[in-house]
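**Q** This is the structure I want to talk about, given as structure tokens.
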Amino acid sequence: MQILKKAFGEYATNCYILKGEQGDLVIDPGEGSFDWVMQNTGKIAAVLNTHGHYDHVYDDAKLQRMGAKIYIHESDAFMLRADPFETMPESIEADVLVKGQEQSLEIAGFNVKFSLFAGHTPGSCMIEVDGVIFSGDVI
């Protein structure tokens, strides 16, 4: 697995692209990440969100329109529908709601595990992909 990383937006939020044979995963596409993601992916299989704050999900809607499935913990899905900070350009519905304390999924040949670490947000998660952990804002 090849991992690309670049920071975006006023909070320098890291956006990741995980390159895979069956498609790529994008994690936390913050404000301004869309063009970079599109330049560096062949086929986006899914967008995985560590949590629902706008600096992590800002470009979700654009990527969803390109065919990417949006994943977020069910406890943070409300932030995609109605941004409490009123900073999102548009609202969307997630395609897949992650449930419970821990959920393992197979996405485009990747083994993905969401682990709930509520606190920063109700649905803040660490995401493990093939043994690599992406923590979002969990310290």
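Each chain in the structure tokens gets a letter, A, B, ..., in the order shown, and its residues are numbered from 1; ligands are numbered from 1 in order too.
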Quick one: DSSP strand (DSSP E) residues in chain A, as a PyMOL selection string?
**A** chain A and resi 2-8+13-19+24-27+44-48+69-73+96-98+102-107+110-116+125-129+132-134
**Q** List as a JSON list (two decimals) with N, CA and C atoms, in the first residue's frame the protein and nucleic acid residues near Ile44 of chain A, meaning an atom at most 10 Å away when only C-alpha atoms are counted, but skip any in the same chain fewer than 6 places from it.
**A**
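For reference, result_2.json as written:
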[["chain", "number", "residue", "atom", "x", "y", "z"],
["A", 17, "ILE", "N", -4.27, 9.65, 0.98],
["A", 17, "ILE", "CA", -4.72, 8.78, -0.10],
["A", 17, "ILE", "C", -3.98, 7.46, 0.08],
["A", 18, "LEU", "N", -4.73, 6.38, 0.15],
["A", 18, "LEU", "CA", -4.15, 5.05, 0.25],
["A", 18, "LEU", "C", -4.38, 4.36, -1.08],
["A", 19, "LYS", "N", -3.30, 4.11, -1.80],
["A", 19, "LYS", "CA", -3.39, 3.54, -3.14],
["A", 19, "LYS", "C", -3.52, 2.02, -3.06],
["A", 20, "GLY", "N", -4.49, 1.49, -3.76],
["A", 20, "GLY", "CA", -4.71, 0.05, -3.78],
["A", 20, "GLY", "C", -4.97, -0.46, -5.18],
["A", 22, "GLN", "N", -7.47, -2.35, -6.20],
["A", 22, "GLN", "CA", -8.89, -2.33, -6.56],
["A", 22, "GLN", "C", -9.51, -0.94, -6.48],
["A", 23, "GLY", "N", -8.75, 0.02, -6.02],
["A", 23, "GLY", "CA", -9.25, 1.38, -5.85],
["A", 23, "GLY", "C", -8.53, 2.03, -4.69],
["A", 24, "ASP", "N", -8.69, 3.33, -4.57],
["A", 24, "ASP", "CA", -7.99, 4.09, -3.55],
["A", 24, "ASP", "C", -8.95, 4.52, -2.44],
["A", 25, "LEU", "N", -8.41, 4.68, -1.25],
["A", 25, "LEU", "CA", -9.16, 5.22, -0.13],
["A", 25, "LEU", "C", -8.65, 6.63, 0.14],
["A", 26, "VAL", "N", -9.56, 7.52, 0.48],
["A", 26, "VAL", "CA", -9.22, 8.87, 0.87],
["A", 26, "VAL", "C", -9.67, 9.04, 2.31],
["A", 37, "VAL", "N", -6.54, 15.41, -4.52],
["A", 37, "VAL", "CA", -7.03, 14.02, -4.52],
["A", 37, "VAL", "C", -7.26, 13.56, -5.96],
["A", 38, "MET", "N", -7.93, 14.37, -6.76],
["A", 38, "MET", "CA", -8.23, 13.96, -8.14],
["A", 38, "MET", "C", -6.96, 13.79, -8.98],
["A", 63, "LEU", "N", -16.32, 14.74, -3.66],
["A", 63, "LEU", "CA", -15.83, 13.38, -3.94],
["A", 63, "LEU", "C", -17.00, 12.41, -4.07],
["A", 64, "GLN", "N", -18.05, 12.62, -3.31],
["A", 64, "GLN", "CA", -19.24, 11.78, -3.45],
["A", 64, "GLN", "C", -19.83, 11.92, -4.85],
["A", 66, "MET", "N", -18.25, 12.36, -7.46],
["A", 66, "MET", "CA", -17.36, 11.63, -8.38],
["A", 66, "MET", "C", -17.52, 10.12, -8.23],
["A", 67, "GLY", "N", -18.44, 9.68, -7.36],
["A", 67, "GLY", "CA", -18.72, 8.26, -7.21],
["A", 67, "GLY", "C", -18.16, 7.62, -5.95],
["A", 68, "ALA", "N", -17.46, 8.38, -5.12],
["A", 68, "ALA", "CA", -16.89, 7.82, -3.89],
["A", 68, "ALA", "C", -17.97, 7.61, -2.85],
["A", 69, "LYS", "N", -17.90, 6.50, -2.14],
["A", 69, "LYS", "CA", -18.80, 6.22, -1.02],
["A", 69, "LYS", "C", -18.25, 6.89, 0.23],
["A", 108, "ALA", "N", -12.56, -2.44, -1.05],
["A", 108, "ALA", "CA", -11.66, -2.46, -2.21],
["A", 108, "ALA", "C", -10.35, -3.18, -1.91]]
**Q** So how far away is atom CA of Asp28 of chain A from atom CA of Lys43 of chain A, in Å?
**A**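 For atom CA of Lys43 of chain A relative to atom CA of Asp28 of chain A, the distance reads 16.7 Å.
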**Q** Write down as a list in words the residues of segment 61-98 of chain A whose backbone DSSP state falls under alpha helix (DSSP H).
**A**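 Answer for segment 61-98 of chain A, restricted to alpha helix (DSSP H): Ala61, Lys62, Leu63, Gln64, Arg65, Ala77, Phe78, Met79, Leu80 and Arg81 of chain A.
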**Q** Env of Val57 of chain A: 8 Å cut, atoms = only C-alpha atoms, seq-sep filter 3 positions within chain, self excluded. Answer as a ChimeraX atom specification.
**A** /A:28-31,49,51-54,60,80
**Q** With N, CA and C atoms retained, could you export that selection as a PDB file, in the first residue's frame?
**A**
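Result file follows (out-v2.pdb):
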ATOM      1  N   ASP A  28     -10.154  11.831   5.390  1.00  0.00           N
ATOM      2  CA  ASP A  28     -10.257  13.217   5.846  1.00  0.00           C
ATOM      3  C   ASP A  28      -9.937  14.264   4.763  1.00  0.00           C
ATOM      4  N   PRO A  29     -10.770  14.341   3.721  1.00  0.00           N
ATOM      5  CA  PRO A  29     -10.530  15.333   2.673  1.00  0.00           C
ATOM      6  C   PRO A  29     -11.003  16.733   3.096  1.00  0.00           C
ATOM      7  N   GLY A  30     -10.122  17.475   3.705  1.00  0.00           N
ATOM      8  CA  GLY A  30     -10.439  18.815   4.199  1.00  0.00           C
ATOM      9  C   GLY A  30     -10.525  19.847   3.090  1.00  0.00           C
ATOM     10  N   GLU A  31     -10.747  21.068   3.499  1.00  0.00           N
ATOM     11  CA  GLU A  31     -10.961  22.182   2.573  1.00  0.00           C
ATOM     12  C   GLU A  31      -9.793  22.360   1.612  1.00  0.00           C
ATOM     13  N   ASN A  49     -13.952   9.050   6.994  1.00  0.00           N
ATOM     14  CA  ASN A  49     -13.848  10.226   7.847  1.00  0.00           C
ATOM     15  C   ASN A  49     -13.579   9.816   9.290  1.00  0.00           C
ATOM     16  N   HIS A  51     -13.826  11.855  11.783  1.00  0.00           N
ATOM     17  CA  HIS A  51     -14.918  12.502  12.513  1.00  0.00           C
ATOM     18  C   HIS A  51     -15.546  13.558  11.614  1.00  0.00           C
ATOM     19  N   GLY A  52     -16.577  14.235  12.123  1.00  0.00           N
ATOM     20  CA  GLY A  52     -17.377  15.092  11.275  1.00  0.00           C
ATOM     21  C   GLY A  52     -17.053  16.563  11.251  1.00  0.00           C
ATOM     22  N   HIS A  53     -15.984  16.996  11.906  1.00  0.00           N
ATOM     23  CA  HIS A  53     -15.653  18.419  11.852  1.00  0.00           C
ATOM     24  C   HIS A  53     -15.323  18.832  10.423  1.00  0.00           C
ATOM     25  N   TYR A  54     -15.736  20.062  10.085  1.00  0.00           N
ATOM     26  CA  TYR A  54     -15.644  20.541   8.703  1.00  0.00           C
ATOM     27  C   TYR A  54     -14.234  20.472   8.128  1.00  0.00           C
ATOM     28  N   ASP A  60     -15.956  16.242   1.092  1.00  0.00           N
ATOM     29  CA  ASP A  60     -16.705  14.983   0.949  1.00  0.00           C
ATOM     30  C   ASP A  60     -17.730  15.055  -0.177  1.00  0.00           C
ATOM     31  N   LEU A  80     -22.548  16.063   8.721  1.00  0.00           N
ATOM     32  CA  LEU A  80     -22.581  16.110   7.259  1.00  0.00           C
ATOM     33  C   LEU A  80     -23.919  16.664   6.767  1.00  0.00           C
TER      34      LEU A  80
END
**Q** Need to verify the contact set: Gly131 of chain A, 10 Å, only C-alpha atoms, exclusion of same-chain residues closer than 6 positions in sequence. Can you return it as a tab-separated table (two decimals) with C-alpha atoms, in the first residue's frame?
**A**
chain	number	residue	atom	x	y	z
A	111	ASN	CA	-8.97	-4.35	5.73
A	112	VAL	CA	-10.46	-1.33	7.52
A	113	LYS	CA	-11.30	-1.09	11.21
**Q** Considering only C-alpha atoms, tabulate each residue of segment 37-139 of chain A that lies at most 12 Å from segment 1-6 of chain A along with its nearest interatomic pair and the corresponding distance in Å to one decimal; arrange the rows by chain and ascending residue number and present them as CSV.
**A**
residue,atom,partner,partner_atom,distance
A:Val37,CA,A:Leu4,CA,9.5
A:Gln39,CA,A:Leu4,CA,11.6
A:Asn40,CA,A:Leu4,CA,8.4
A:Thr41,CA,A:Leu4,CA,10.0
A:Gly109,CA,A:Met1,CA,10.6
A:Phe110,CA,A:Met1,CA,9.1
A:Asn111,CA,A:Met1,CA,11.5
A:Val129,CA,A:Met1,CA,9.6
A:Asp130,CA,A:Met1,CA,8.4
A:Gly131,CA,A:Met1,CA,10.6
A:Val132,CA,A:Ile3,CA,9.9
A:Ile133,CA,A:Ile3,CA,11.8
A:Phe134,CA,A:Ile3,CA,11.2
